[in-house]
file entry39.pdb (PDB, C-alpha atoms and all ligand atoms)
ATOM      1  CA  MET A1109     166.753 218.876  61.109  1.00  0.00           C
ATOM      2  CA  THR A1110     167.477 222.575  61.085  1.00  0.00           C
ATOM      3  CA  ASP A1111     170.506 223.716  59.162  1.00  0.00           C
ATOM      4  CA  PRO A1112     173.402 224.713  61.464  1.00  0.00           C
ATOM      5  CA  LEU A1113     173.377 228.049  59.651  1.00  0.00           C
ATOM      6  CA  GLU A1114     169.918 228.774  61.073  1.00  0.00           C
ATOM      7  CA  GLN A1115     171.081 227.873  64.565  1.00  0.00           C
ATOM      8  CA  ASN A1116     174.205 230.008  64.218  1.00  0.00           C
ATOM      9  CA  TYR A1117     172.166 232.942  62.957  1.00  0.00           C
ATOM     10  CA  SER A1118     169.729 232.769  65.790  1.00  0.00           C
ATOM     11  CA  ARG A1119     172.493 232.334  68.403  1.00  0.00           C
ATOM     12  CA  LEU A1120     174.554 235.227  66.990  1.00  0.00           C
ATOM     13  CA  SER A1121     171.511 237.488  66.818  1.00  0.00           C
ATOM     14  CA  ASP A1122     170.922 236.767  70.521  1.00  0.00           C
ATOM     15  CA  GLU A1123     174.571 237.371  71.414  1.00  0.00           C
ATOM     16  CA  ILE A1124     174.605 240.672  69.542  1.00  0.00           C
ATOM     17  CA  ARG A1125     171.424 241.780  71.305  1.00  0.00           C
ATOM     18  CA  GLN A1126     172.818 240.776  74.703  1.00  0.00           C
ATOM     19  CA  ALA A1127     176.139 242.553  74.125  1.00  0.00           C
ATOM     20  CA  ALA A1128     174.275 245.720  73.135  1.00  0.00           C
ATOM     21  CA  GLU A1129     172.012 245.573  76.177  1.00  0.00           C
ATOM     22  CA  LYS A1130     174.969 244.952  78.471  1.00  0.00           C
ATOM     23  CA  ALA A1131     176.587 248.088  77.069  1.00  0.00           C
ATOM     24  CA  GLY A1132     173.384 250.067  77.646  1.00  0.00           C
ATOM     25  CA  ARG A1133     172.762 250.366  73.922  1.00  0.00           C
ATOM     26  CA  SER A1134     169.661 249.717  71.885  1.00  0.00           C
ATOM     27  CA  PRO A1135     169.754 246.241  70.269  1.00  0.00           C
ATOM     28  CA  ASN A1136     168.703 247.922  67.003  1.00  0.00           C
ATOM     29  CA  SER A1137     171.867 250.001  67.003  1.00  0.00           C
ATOM     30  CA  VAL A1138     174.026 247.016  65.965  1.00  0.00           C
ATOM     31  CA  ARG A1139     173.619 245.193  62.658  1.00  0.00           C
ATOM     32  CA  LEU A1140     175.085 241.860  61.643  1.00  0.00           C
ATOM     33  CA  LEU A1141     176.957 242.006  58.347  1.00  0.00           C
ATOM     34  CA  ALA A1142     177.060 238.423  57.051  1.00  0.00           C
ATOM     35  CA  VAL A1143     180.537 238.058  55.538  1.00  0.00           C
ATOM     36  CA  SER A1144     179.686 235.764  52.673  1.00  0.00           C
ATOM     37  CA  LYS A1145     183.058 235.525  50.908  1.00  0.00           C
ATOM     38  CA  LYS A1146     183.659 231.985  49.577  1.00  0.00           C
ATOM     39  CA  VAL A1147     180.109 230.996  50.588  1.00  0.00           C
ATOM     40  CA  PRO A1148     177.905 229.931  47.644  1.00  0.00           C
ATOM     41  CA  SER A1149     174.645 231.732  46.988  1.00  0.00           C
ATOM     42  CA  GLU A1150     172.582 228.622  47.900  1.00  0.00           C
ATOM     43  CA  ARG A1151     173.756 229.072  51.491  1.00  0.00           C
ATOM     44  CA  LEU A1152     173.066 232.788  51.417  1.00  0.00           C
ATOM     45  CA  ARG A1153     169.529 232.108  50.293  1.00  0.00           C
ATOM     46  CA  ILE A1154     168.923 230.223  53.539  1.00  0.00           C
ATOM     47  CA  LEU A1155     169.745 233.425  55.429  1.00  0.00           C
ATOM     48  CA  TRP A1156     167.650 235.409  52.983  1.00  0.00           C
ATOM     49  CA  GLY A1157     164.724 233.136  53.796  1.00  0.00           C
ATOM     50  CA  LEU A1158     165.122 234.082  57.461  1.00  0.00           C
ATOM     51  CA  GLY A1159     164.785 237.720  56.505  1.00  0.00           C
ATOM     52  CA  HIS A1160     168.469 238.634  56.432  1.00  0.00           C
ATOM     53  CA  ARG A1161     169.473 241.223  53.809  1.00  0.00           C
ATOM     54  CA  LEU A1162     172.922 242.537  54.781  1.00  0.00           C
ATOM     55  CA  PHE A1163     175.964 240.870  53.199  1.00  0.00           C
ATOM     56  CA  GLY A1164     179.682 241.612  52.887  1.00  0.00           C
ATOM     57  CA  GLU A1165     182.062 240.514  50.141  1.00  0.00           C
ATOM     58  CA  ASN A1166     185.776 241.148  49.761  1.00  0.00           C
ATOM     59  CA  ARG A1167     186.384 240.412  46.073  1.00  0.00           C
ATOM     60  CA  VAL A1168     184.723 242.103  43.117  1.00  0.00           C
ATOM     61  CA  GLN A1169     185.361 239.042  40.909  1.00  0.00           C
ATOM     62  CA  GLU A1170     183.347 236.859  43.282  1.00  0.00           C
ATOM     63  CA  ALA A1171     180.604 239.410  43.883  1.00  0.00           C
ATOM     64  CA  ARG A1172     179.860 239.924  40.193  1.00  0.00           C
ATOM     65  CA  VAL A1173     178.932 236.244  39.933  1.00  0.00           C
ATOM     66  CA  LYS A1174     177.184 235.841  43.262  1.00  0.00           C
ATOM     67  CA  ILE A1175     175.123 239.010  43.673  1.00  0.00           C
ATOM     68  CA  PRO A1176     173.113 238.413  40.445  1.00  0.00           C
ATOM     69  CA  GLU A1177     172.277 234.915  41.765  1.00  0.00           C
ATOM     70  CA  MET A1178     170.511 236.484  44.753  1.00  0.00           C
ATOM     71  CA  PRO A1179     167.100 238.148  44.852  1.00  0.00           C
ATOM     72  CA  PRO A1180     167.196 241.918  44.378  1.00  0.00           C
ATOM     73  CA  GLY A1181     166.853 244.179  47.408  1.00  0.00           C
ATOM     74  CA  GLY A1182     169.838 243.071  49.480  1.00  0.00           C
ATOM     75  CA  GLU A1183     172.334 245.517  50.957  1.00  0.00           C
ATOM     76  CA  TRP A1184     175.862 244.626  49.815  1.00  0.00           C
ATOM     77  CA  HIS A1185     178.994 245.975  51.466  1.00  0.00           C
ATOM     78  CA  PHE A1186     182.451 245.750  49.942  1.00  0.00           C
ATOM     79  CA  ILE A1187     184.942 245.052  52.738  1.00  0.00           C
ATOM     80  CA  GLY A1188     188.178 244.060  50.962  1.00  0.00           C
ATOM     81  CA  GLY A1189     191.170 245.923  49.629  1.00  0.00           C
ATOM     82  CA  LEU A1190     189.976 247.708  46.483  1.00  0.00           C
ATOM     83  CA  GLN A1191     192.237 248.335  43.515  1.00  0.00           C
ATOM     84  CA  THR A1192     191.472 251.541  41.654  1.00  0.00           C
ATOM     85  CA  ASN A1193     190.875 249.594  38.427  1.00  0.00           C
ATOM     86  CA  LYS A1194     188.025 247.690  40.151  1.00  0.00           C
ATOM     87  CA  ALA A1195     186.228 250.845  41.293  1.00  0.00           C
ATOM     88  CA  LYS A1196     183.844 250.876  38.332  1.00  0.00           C
ATOM     89  CA  GLU A1197     182.586 247.370  39.062  1.00  0.00           C
ATOM     90  CA  ALA A1198     182.457 248.016  42.799  1.00  0.00           C
ATOM     91  CA  VAL A1199     180.125 250.950  42.128  1.00  0.00           C
ATOM     92  CA  GLU A1200     178.010 248.717  39.936  1.00  0.00           C
ATOM     93  CA  TRP A1201     177.489 245.972  42.528  1.00  0.00           C
ATOM     94  CA  PHE A1202     177.801 247.487  45.993  1.00  0.00           C
ATOM     95  CA  ASP A1203     175.680 249.796  48.125  1.00  0.00           C
ATOM     96  CA  VAL A1204     178.486 250.616  50.546  1.00  0.00           C
ATOM     97  CA  VAL A1205     182.281 250.475  50.150  1.00  0.00           C
ATOM     98  CA  GLU A1206     183.696 250.099  53.663  1.00  0.00           C
ATOM     99  CA  SER A1207     187.348 250.091  52.664  1.00  0.00           C
ATOM    100  CA  VAL A1208     188.087 253.567  51.317  1.00  0.00           C
ATOM    101  CA  ASP A1209     191.607 254.321  52.529  1.00  0.00           C
ATOM    102  CA  ARG A1210     193.158 256.772  50.051  1.00  0.00           C
ATOM    103  CA  ILE A1211     192.195 259.847  48.081  1.00  0.00           C
ATOM    104  CA  GLU A1212     192.927 258.334  44.633  1.00  0.00           C
ATOM    105  CA  LEU A1213     190.463 255.531  45.341  1.00  0.00           C
ATOM    106  CA  ALA A1214     187.818 257.993  46.552  1.00  0.00           C
ATOM    107  CA  GLU A1215     188.323 260.112  43.418  1.00  0.00           C
ATOM    108  CA  GLU A1216     187.870 257.070  41.200  1.00  0.00           C
ATOM    109  CA  LEU A1217     184.711 255.993  43.081  1.00  0.00           C
ATOM    110  CA  GLN A1218     183.370 259.549  42.727  1.00  0.00           C
ATOM    111  CA  LYS A1219     184.069 259.558  38.987  1.00  0.00           C
ATOM    112  CA  ARG A1220     182.506 256.129  38.448  1.00  0.00           C
ATOM    113  CA  SER A1221     179.467 256.927  40.605  1.00  0.00           C
ATOM    114  CA  GLU A1222     178.881 260.099  38.638  1.00  0.00           C
ATOM    115  CA  ALA A1223     179.117 258.224  35.355  1.00  0.00           C
ATOM    116  CA  ALA A1224     176.637 255.638  36.645  1.00  0.00           C
ATOM    117  CA  GLY A1225     174.273 258.308  37.979  1.00  0.00           C
ATOM    118  CA  LYS A1226     174.541 256.873  41.490  1.00  0.00           C
ATOM    119  CA  CYS A1227     175.391 257.969  45.006  1.00  0.00           C
ATOM    120  CA  LEU A1228     177.679 255.660  46.951  1.00  0.00           C
ATOM    121  CA  LYS A1229     177.901 255.331  50.709  1.00  0.00           C
ATOM    122  CA  VAL A1230     181.433 254.811  51.989  1.00  0.00           C
ATOM    123  CA  LEU A1231     183.291 254.167  55.224  1.00  0.00           C
ATOM    124  CA  ILE A1232     186.860 255.261  55.786  1.00  0.00           C
ATOM    125  CA  GLU A1233     189.047 252.321  56.720  1.00  0.00           C
ATOM    126  CA  VAL A1234     191.577 253.221  59.398  1.00  0.00           C
ATOM    127  CA  ASN A1235     194.664 251.149  60.183  1.00  0.00           C
ATOM    128  CA  VAL A1236     194.277 251.361  63.968  1.00  0.00           C
ATOM    129  CA  GLY A1237     197.046 248.860  64.670  1.00  0.00           C
ATOM    130  CA  GLY A1238     199.627 250.625  62.495  1.00  0.00           C
ATOM    131  CA  GLU A1239     200.369 247.313  60.762  1.00  0.00           C
ATOM    132  CA  ALA A1240     202.476 247.665  57.615  1.00  0.00           C
ATOM    133  CA  ALA A1241     200.803 244.709  55.883  1.00  0.00           C
ATOM    134  CA  LYS A1242     197.246 245.995  56.357  1.00  0.00           C
ATOM    135  CA  HIS A1243     195.125 248.388  54.345  1.00  0.00           C
ATOM    136  CA  GLY A1244     193.661 251.479  55.903  1.00  0.00           C
ATOM    137  CA  ALA A1245     194.492 255.140  56.224  1.00  0.00           C
ATOM    138  CA  LYS A1246     196.866 256.099  59.006  1.00  0.00           C
ATOM    139  CA  PRO A1247     194.906 257.620  61.895  1.00  0.00           C
ATOM    140  CA  GLU A1248     196.611 260.976  61.307  1.00  0.00           C
ATOM    141  CA  GLU A1249     195.597 260.907  57.614  1.00  0.00           C
ATOM    142  CA  ALA A1250     191.925 260.206  58.220  1.00  0.00           C
ATOM    143  CA  GLY A1251     190.968 263.877  58.672  1.00  0.00           C
ATOM    144  CA  ALA A1252     192.393 264.922  55.295  1.00  0.00           C
ATOM    145  CA  LEU A1253     190.744 261.952  53.595  1.00  0.00           C
ATOM    146  CA  LEU A1254     187.392 262.791  55.193  1.00  0.00           C
ATOM    147  CA  ALA A1255     187.662 266.442  54.120  1.00  0.00           C
ATOM    148  CA  ALA A1256     188.471 265.399  50.554  1.00  0.00           C
ATOM    149  CA  ILE A1257     185.551 262.974  50.355  1.00  0.00           C
ATOM    150  CA  ASN A1258     183.167 265.504  51.876  1.00  0.00           C
ATOM    151  CA  GLY A1259     183.899 267.603  48.796  1.00  0.00           C
ATOM    152  CA  MET A1260     182.857 264.784  46.441  1.00  0.00           C
ATOM    153  CA  SER A1261     179.241 265.109  45.341  1.00  0.00           C
ATOM    154  CA  ARG A1262     178.574 261.408  44.723  1.00  0.00           C
ATOM    155  CA  LEU A1263     180.124 259.961  47.898  1.00  0.00           C
ATOM    156  CA  GLU A1264     178.514 260.012  51.322  1.00  0.00           C
ATOM    157  CA  VAL A1265     180.772 259.157  54.267  1.00  0.00           C
ATOM    158  CA  ARG A1266     178.776 257.176  56.806  1.00  0.00           C
ATOM    159  CA  GLY A1267     181.536 256.351  59.293  1.00  0.00           C
ATOM    160  CA  LEU A1268     184.704 254.355  59.910  1.00  0.00           C
ATOM    161  CA  MET A1269     185.866 250.763  59.560  1.00  0.00           C
ATOM    162  CA  ALA A1270     188.835 248.919  61.059  1.00  0.00           C
ATOM    163  CA  ILE A1271     190.412 245.468  61.053  1.00  0.00           C
ATOM    164  CA  PRO A1272     192.516 245.497  64.237  1.00  0.00           C
ATOM    165  CA  PRO A1273     195.444 243.129  64.793  1.00  0.00           C
ATOM    166  CA  PHE A1274     194.336 239.614  65.718  1.00  0.00           C
ATOM    167  CA  ARG A1275     194.445 238.862  69.419  1.00  0.00           C
ATOM    168  CA  GLU A1276     193.848 235.370  70.796  1.00  0.00           C
ATOM    169  CA  ASP A1277     192.134 236.970  73.789  1.00  0.00           C
ATOM    170  CA  PRO A1278     189.396 239.245  72.395  1.00  0.00           C
ATOM    171  CA  ALA A1279     189.648 241.503  75.463  1.00  0.00           C
ATOM    172  CA  GLU A1280     193.073 242.554  74.200  1.00  0.00           C
ATOM    173  CA  ALA A1281     191.497 243.951  71.031  1.00  0.00           C
ATOM    174  CA  ARG A1282     189.499 246.470  73.075  1.00  0.00           C
ATOM    175  CA  PRO A1283     192.084 249.307  72.876  1.00  0.00           C
ATOM    176  CA  PHE A1284     191.944 249.145  69.064  1.00  0.00           C
ATOM    177  CA  PHE A1285     188.132 249.344  69.006  1.00  0.00           C
ATOM    178  CA  ARG A1286     188.262 252.201  71.484  1.00  0.00           C
ATOM    179  CA  LYS A1287     190.822 253.948  69.299  1.00  0.00           C
ATOM    180  CA  LEU A1288     188.495 253.835  66.286  1.00  0.00           C
ATOM    181  CA  ARG A1289     185.684 255.278  68.389  1.00  0.00           C
ATOM    182  CA  GLU A1290     187.945 258.088  69.619  1.00  0.00           C
ATOM    183  CA  ILE A1291     189.108 258.851  66.072  1.00  0.00           C
ATOM    184  CA  ARG A1292     185.439 259.065  65.111  1.00  0.00           C
ATOM    185  CA  GLU A1293     184.750 261.529  67.930  1.00  0.00           C
ATOM    186  CA  GLY A1294     187.699 263.707  66.883  1.00  0.00           C
ATOM    187  CA  LEU A1295     186.607 263.721  63.244  1.00  0.00           C
ATOM    188  CA  GLU A1296     183.014 264.544  64.114  1.00  0.00           C
ATOM    189  CA  GLN A1297     184.218 267.530  66.108  1.00  0.00           C
ATOM    190  CA  SER A1298     186.651 268.812  63.497  1.00  0.00           C
ATOM    191  CA  SER A1299     184.327 268.285  60.525  1.00  0.00           C
ATOM    192  CA  GLY A1300     181.051 269.143  62.245  1.00  0.00           C
ATOM    193  CA  ALA A1301     179.392 266.202  60.494  1.00  0.00           C
ATOM    194  CA  GLY A1302     178.065 262.973  61.973  1.00  0.00           C
ATOM    195  CA  LEU A1303     179.797 259.646  61.360  1.00  0.00           C
ATOM    196  CA  PRO A1304     177.180 257.225  62.689  1.00  0.00           C
ATOM    197  CA  GLU A1305     178.674 253.916  61.540  1.00  0.00           C
ATOM    198  CA  LEU A1306     181.530 252.056  63.219  1.00  0.00           C
ATOM    199  CA  SER A1307     182.252 248.788  61.398  1.00  0.00           C
ATOM    200  CA  MET A1308     184.402 246.740  63.759  1.00  0.00           C
ATOM    201  CA  GLY A1309     184.423 243.300  65.333  1.00  0.00           C
ATOM    202  CA  MET A1310     184.494 239.876  63.662  1.00  0.00           C
ATOM    203  CA  SER A1311     183.567 236.322  64.656  1.00  0.00           C
ATOM    204  CA  HIS A1312     185.725 236.021  67.745  1.00  0.00           C
ATOM    205  CA  ASP A1313     185.667 239.585  69.098  1.00  0.00           C
ATOM    206  CA  PHE A1314     182.365 241.182  68.073  1.00  0.00           C
ATOM    207  CA  ALA A1315     181.015 241.268  71.634  1.00  0.00           C
ATOM    208  CA  VAL A1316     183.963 243.417  72.757  1.00  0.00           C
ATOM    209  CA  ALA A1317     183.568 245.662  69.710  1.00  0.00           C
ATOM    210  CA  ILE A1318     179.899 246.210  70.563  1.00  0.00           C
ATOM    211  CA  THR A1319     180.774 247.416  74.062  1.00  0.00           C
ATOM    212  CA  GLU A1320     183.045 249.994  72.366  1.00  0.00           C
ATOM    213  CA  GLY A1321     180.327 251.222  70.017  1.00  0.00           C
ATOM    214  CA  ALA A1322     180.314 248.986  66.922  1.00  0.00           C
ATOM    215  CA  THR A1323     177.228 249.506  64.731  1.00  0.00           C
ATOM    216  CA  LEU A1324     178.225 246.905  62.127  1.00  0.00           C
ATOM    217  CA  VAL A1325     179.818 243.611  63.136  1.00  0.00           C
ATOM    218  CA  ARG A1326     181.299 241.660  60.224  1.00  0.00           C
ATOM    219  CA  ILE A1327     180.803 237.955  60.889  1.00  0.00           C
ATOM    220  CA  GLY A1328     181.848 235.108  58.612  1.00  0.00           C
ATOM    221  CA  THR A1329     183.165 231.960  60.295  1.00  0.00           C
ATOM    222  CA  ALA A1330     180.855 231.986  63.325  1.00  0.00           C
ATOM    223  CA  LEU A1331     177.889 232.110  60.958  1.00  0.00           C
ATOM    224  CA  PHE A1332     178.821 229.936  57.974  1.00  0.00           C
ATOM    225  CA  GLY A1333     181.534 227.732  59.515  1.00  0.00           C
ATOM    226  CA  PRO A1334     185.184 227.575  58.433  1.00  0.00           C
ATOM    227  CA  ARG A1335     185.949 228.788  54.901  1.00  0.00           C
ATOM    228  CA  SER A1336     187.630 226.301  52.612  1.00  0.00           C
ATOM    229  CA  GLY A1337     190.652 227.406  50.579  1.00  0.00           C
TER     230      GLY A1337
HETATM  231  C1  LIG B1401     186.729 237.719  56.310  1.00  0.00           C
HETATM  232  C2  LIG B1401     186.480 239.042  56.921  1.00  0.00           C
HETATM  233  C3  LIG B1401     185.673 239.177  58.061  1.00  0.00           C
HETATM  234  C4  LIG B1401     185.018 238.003  58.768  1.00  0.00           C
HETATM  235  O1  LIG B1401     185.955 237.272  59.475  1.00  0.00           O
HETATM  236  P1  LIG B1401     185.476 236.034  60.412  1.00  0.00           P
HETATM  237  O2  LIG B1401     186.594 235.904  61.375  1.00  0.00           O
HETATM  238  O3  LIG B1401     185.310 234.872  59.516  1.00  0.00           O
HETATM  239  O4  LIG B1401     184.221 236.437  61.067  1.00  0.00           O
HETATM  240  C5  LIG B1401     185.452 240.446  58.550  1.00  0.00           C
HETATM  241  N1  LIG B1401     185.999 241.538  57.979  1.00  0.00           N
HETATM  242  C6  LIG B1401     186.772 241.458  56.879  1.00  0.00           C
HETATM  243  C7  LIG B1401     187.318 242.704  56.284  1.00  0.00           C
HETATM  244  C8  LIG B1401     187.045 240.217  56.324  1.00  0.00           C
HETATM  245  O5  LIG B1401     187.826 240.145  55.239  1.00  0.00           O
END
call {"tool": "encode", "arguments": {"input": "entry39.pdb", "output": "structure tokens", "more": "lines below"}}
Ligand SMILES: *Cc1c(COP(=O)(O)O)cnc(C)c1O
result
Amino acid sequence: MTDPLEQNYSRLSDEIRQAAEKAGRSPNSVRLLAVSKKVPSERLRILWGLGHRLFGENRVQEARVKIPEMPPGGEWHFIGGLQTNKAKEAVEWFDVVESVDRIELAEELQKRSEAAGKCLKVLIEVNVGGEAAKHGAKPEEAGALLAAINGMSRLEVRGLMAIPPFREDPAEARPFFRKLREIREGLEQSSGAGLPELSMGMSHDFAVAITEGATLVRIGTALFGPRSG
């Protein structure tokens, strides 16, 4: 019997491809980030065996145990709120930090990347819903943050990330995805630099996010099943 994870992976890959085609986009322009938080490495190795290499974790404490249990050569994205005192370890374990939302954090990542002799790719997380409880730079602060990071030799800004407010009906999340895309367009014009990545869309709304330009969809539950705890 095939593992449900294999079936989910194949179904989601199809759905991502179809959503891209429906939006007139190349299927290769959207990548599935497997959000593997709380999922043990034995499960991740099943995906690895299918050729999947792109994983997202939201806690440094968990990643430092799990990433060494996996074969080398994966691409690991940090997608959680990052405390400044965890920046050193984040640089050690991750290829991309998607959740850079303040200058002090960027400065610490720059310092730690320099010390480690590395370059770190980052996304700027934007709080598109204006929710007080969520991380993310305010839309009006994103330009200053981008300019600051563009002056940091060890950080390369690849694009933007957002976690919009949850909506039961995924269609209602569309304005938030569109907003992130429009912020991207504004920043590309003002900075003159490309921001190719838009990380937006999760298990229940990724198809809508793809029609608004998502290049990374972060999927946990629809792939691995419900998380315990
Ligand atoms: C957990 C998480 C996801 C995945 O959520 P699902 O609804 O399980 O797909 C995506 N993005 C972030 C930042 C997360 O923390």
call {"tool": "closest_atom_pairs", "arguments": {"input": "entry39.pdb", "of": "chain A", "to": "ligand LIG 1401 (chain B)", "cutoff": "12 Å", "atoms": "all atoms listed in the file", "output": "tab-separated table"}}
result
residue	atom	partner	partner_atom	distance
A:Leu1120	CA	B:LIG1401	O4	11.4
A:Leu1140	CA	B:LIG1401	O4	10.6
A:Leu1141	CA	B:LIG1401	C5	8.6
A:Ala1142	CA	B:LIG1401	C4	8.2
A:Val1143	CA	B:LIG1401	C4	5.5
A:Ser1144	CA	B:LIG1401	C1	8.2
A:Lys1145	CA	B:LIG1401	C1	6.9
A:Lys1146	CA	B:LIG1401	C1	9.4
A:Val1147	CA	B:LIG1401	C1	11.0
A:Phe1163	CA	B:LIG1401	C5	10.9
A:Gly1164	CA	B:LIG1401	N1	8.1
A:Glu1165	CA	B:LIG1401	O5	7.7
A:Asn1166	CA	B:LIG1401	O5	5.9
A:Arg1167	CA	B:LIG1401	O5	9.3
A:His1185	CA	B:LIG1401	C7	10.2
A:Phe1186	CA	B:LIG1401	C7	8.6
A:Ile1187	CA	B:LIG1401	C7	4.9
A:Gly1188	CA	B:LIG1401	C7	5.6
A:Gly1189	CA	B:LIG1401	C7	8.3
A:Leu1190	CA	B:LIG1401	C7	11.3
A:Val1205	CA	B:LIG1401	C7	11.1
A:Glu1206	CA	B:LIG1401	C7	8.6
A:Ser1207	CA	B:LIG1401	C7	8.2
A:Val1208	CA	B:LIG1401	C7	12.0
A:Glu1233	CA	B:LIG1401	C7	9.8
A:Val1234	CA	B:LIG1401	C7	11.8
A:Asn1235	CA	B:LIG1401	C7	11.9
A:Lys1242	CA	B:LIG1401	C7	10.5
A:His1243	CA	B:LIG1401	C7	9.8
A:Gly1244	CA	B:LIG1401	C7	10.8
A:Met1269	CA	B:LIG1401	C7	8.8
A:Ala1270	CA	B:LIG1401	C7	8.0
A:Ile1271	CA	B:LIG1401	C7	6.3
A:Pro1272	CA	B:LIG1401	N1	9.9
A:Pro1273	CA	B:LIG1401	N1	11.8
A:Phe1274	CA	B:LIG1401	O2	9.6
A:Arg1275	CA	B:LIG1401	O2	11.6
A:Glu1276	CA	B:LIG1401	O2	11.9
A:Pro1278	CA	B:LIG1401	O2	11.9
A:Ser1307	CA	B:LIG1401	N1	8.8
A:Met1308	CA	B:LIG1401	N1	7.9
A:Gly1309	CA	B:LIG1401	C5	7.4
A:Met1310	CA	B:LIG1401	O4	4.3
A:Ser1311	CA	B:LIG1401	O4	3.6
A:His1312	CA	B:LIG1401	O2	6.4
A:Asp1313	CA	B:LIG1401	O2	8.6
A:Phe1314	CA	B:LIG1401	O4	8.7
A:Leu1324	CA	B:LIG1401	N1	10.3
A:Val1325	CA	B:LIG1401	C5	7.9
A:Arg1326	CA	B:LIG1401	C5	4.6
A:Ile1327	CA	B:LIG1401	O4	3.7
A:Gly1328	CA	B:LIG1401	O3	3.6
A:Thr1329	CA	B:LIG1401	O3	3.7
A:Ala1330	CA	B:LIG1401	O4	6.0
A:Leu1331	CA	B:LIG1401	O4	7.7
A:Phe1332	CA	B:LIG1401	O3	8.3
A:Gly1333	CA	B:LIG1401	O3	8.1
A:Pro1334	CA	B:LIG1401	O3	7.4
A:Arg1335	CA	B:LIG1401	O3	7.7
A:Ser1336	CA	B:LIG1401	O3	11.2
call {"tool": "resolve_selection", "arguments": {"input": "entry39.pdb", "expression": "the PyMOL selection byres (((chain A and resi 1288) around 8) and not hetatm)", "output": "PyMOL selection string"}}
result
chain A and resi 1234+1236+1268-1270+1284-1287+1289-1292+1306
call {"tool": "resolve_selection", "arguments": {"input": "entry39.pdb", "expression": "the PyMOL selection byres (((chain A and resi 1123-1133) around 10) and not hetatm)", "output": "list in words"}}
result
Tyr1117, Ser1118, Arg1119, Leu1120, Ser1121, Asp1122, Ser1134, Pro1135, Asn1136, Ser1137, Val1138, Arg1139, Leu1140, Phe1314, Ala1315, Val1316, Ala1317, Ile1318, Thr1319, Glu1320, Gly1321, Ala1322, Thr1323 and Val1325 of chain A
call {"tool": "resolve_selection", "arguments": {"input": "entry39.pdb", "expression": "the PyMOL selection byres (((chain A and resi 1203) around 8) and not hetatm)", "output": "ChimeraX atom specification"}}
result
/A:1183-1185,1199,1201-1202,1204-1205,1228-1229
call {"tool": "residues_around", "arguments": {"input": "entry39.pdb", "residues": "range 1211-1222 of chain A", "least_positions_apart": "2", "cutoff": "7 Å", "atoms": "only C-alpha atoms", "output": "list in words"}}
result
Thr1192, Ala1195, Lys1196, Val1199, Val1208, Ala1224, Gly1225, Lys1226, Cys1227, Leu1228, Leu1253, Ile1257, Met1260, Arg1262 and Leu1263 of chain A
call {"tool": "atom_distance", "arguments": {"input": "entry39.pdb", "atom1": "CA of Pro1304 in chain A", "atom2": "CA of Val1265 in chain A"}}
result
9.4 Å
call {"tool": "closest_residue", "arguments": {"input": "entry39.pdb", "among": "A:Val1168, A:Leu1303, A:Ala1281, A:Leu1162", "to": "Ile1232 in chain A", "atoms": "only C-alpha atoms"}}
result
A:Leu1303
call {"tool": "axis_aligned_box", "arguments": {"input": "entry39.pdb", "around": "range 1256-1271 of chain A", "padding_each_side": "6 Å", "output": "JSON"}}
result
{"center_x": 184.5, "center_y": 256.5, "center_z": 52.9, "size_x": 23.9, "size_y": 34.1, "size_z": 28.3}
call {"tool": "atom_distance", "arguments": {"input": "entry39.pdb", "atom1": "CA of Leu1231 in chain A", "atom2": "CA of Pro1148 in chain A"}}
result
26.0 Å
call {"tool": "atom_distance", "arguments": {"input": "entry39.pdb", "atom1": "CA of Gly1181 in chain A", "atom2": "CA of Gly1157 in chain A"}}
result
12.9 Å
call {"tool": "closest_residue", "arguments": {"input": "entry39.pdb", "among": "A:Gln1169, A:Gln1115, A:Glu1248, A:Glu1177", "to": "Leu1152 in chain A", "atoms": "all atoms listed in the file"}}
result
A:Glu1177
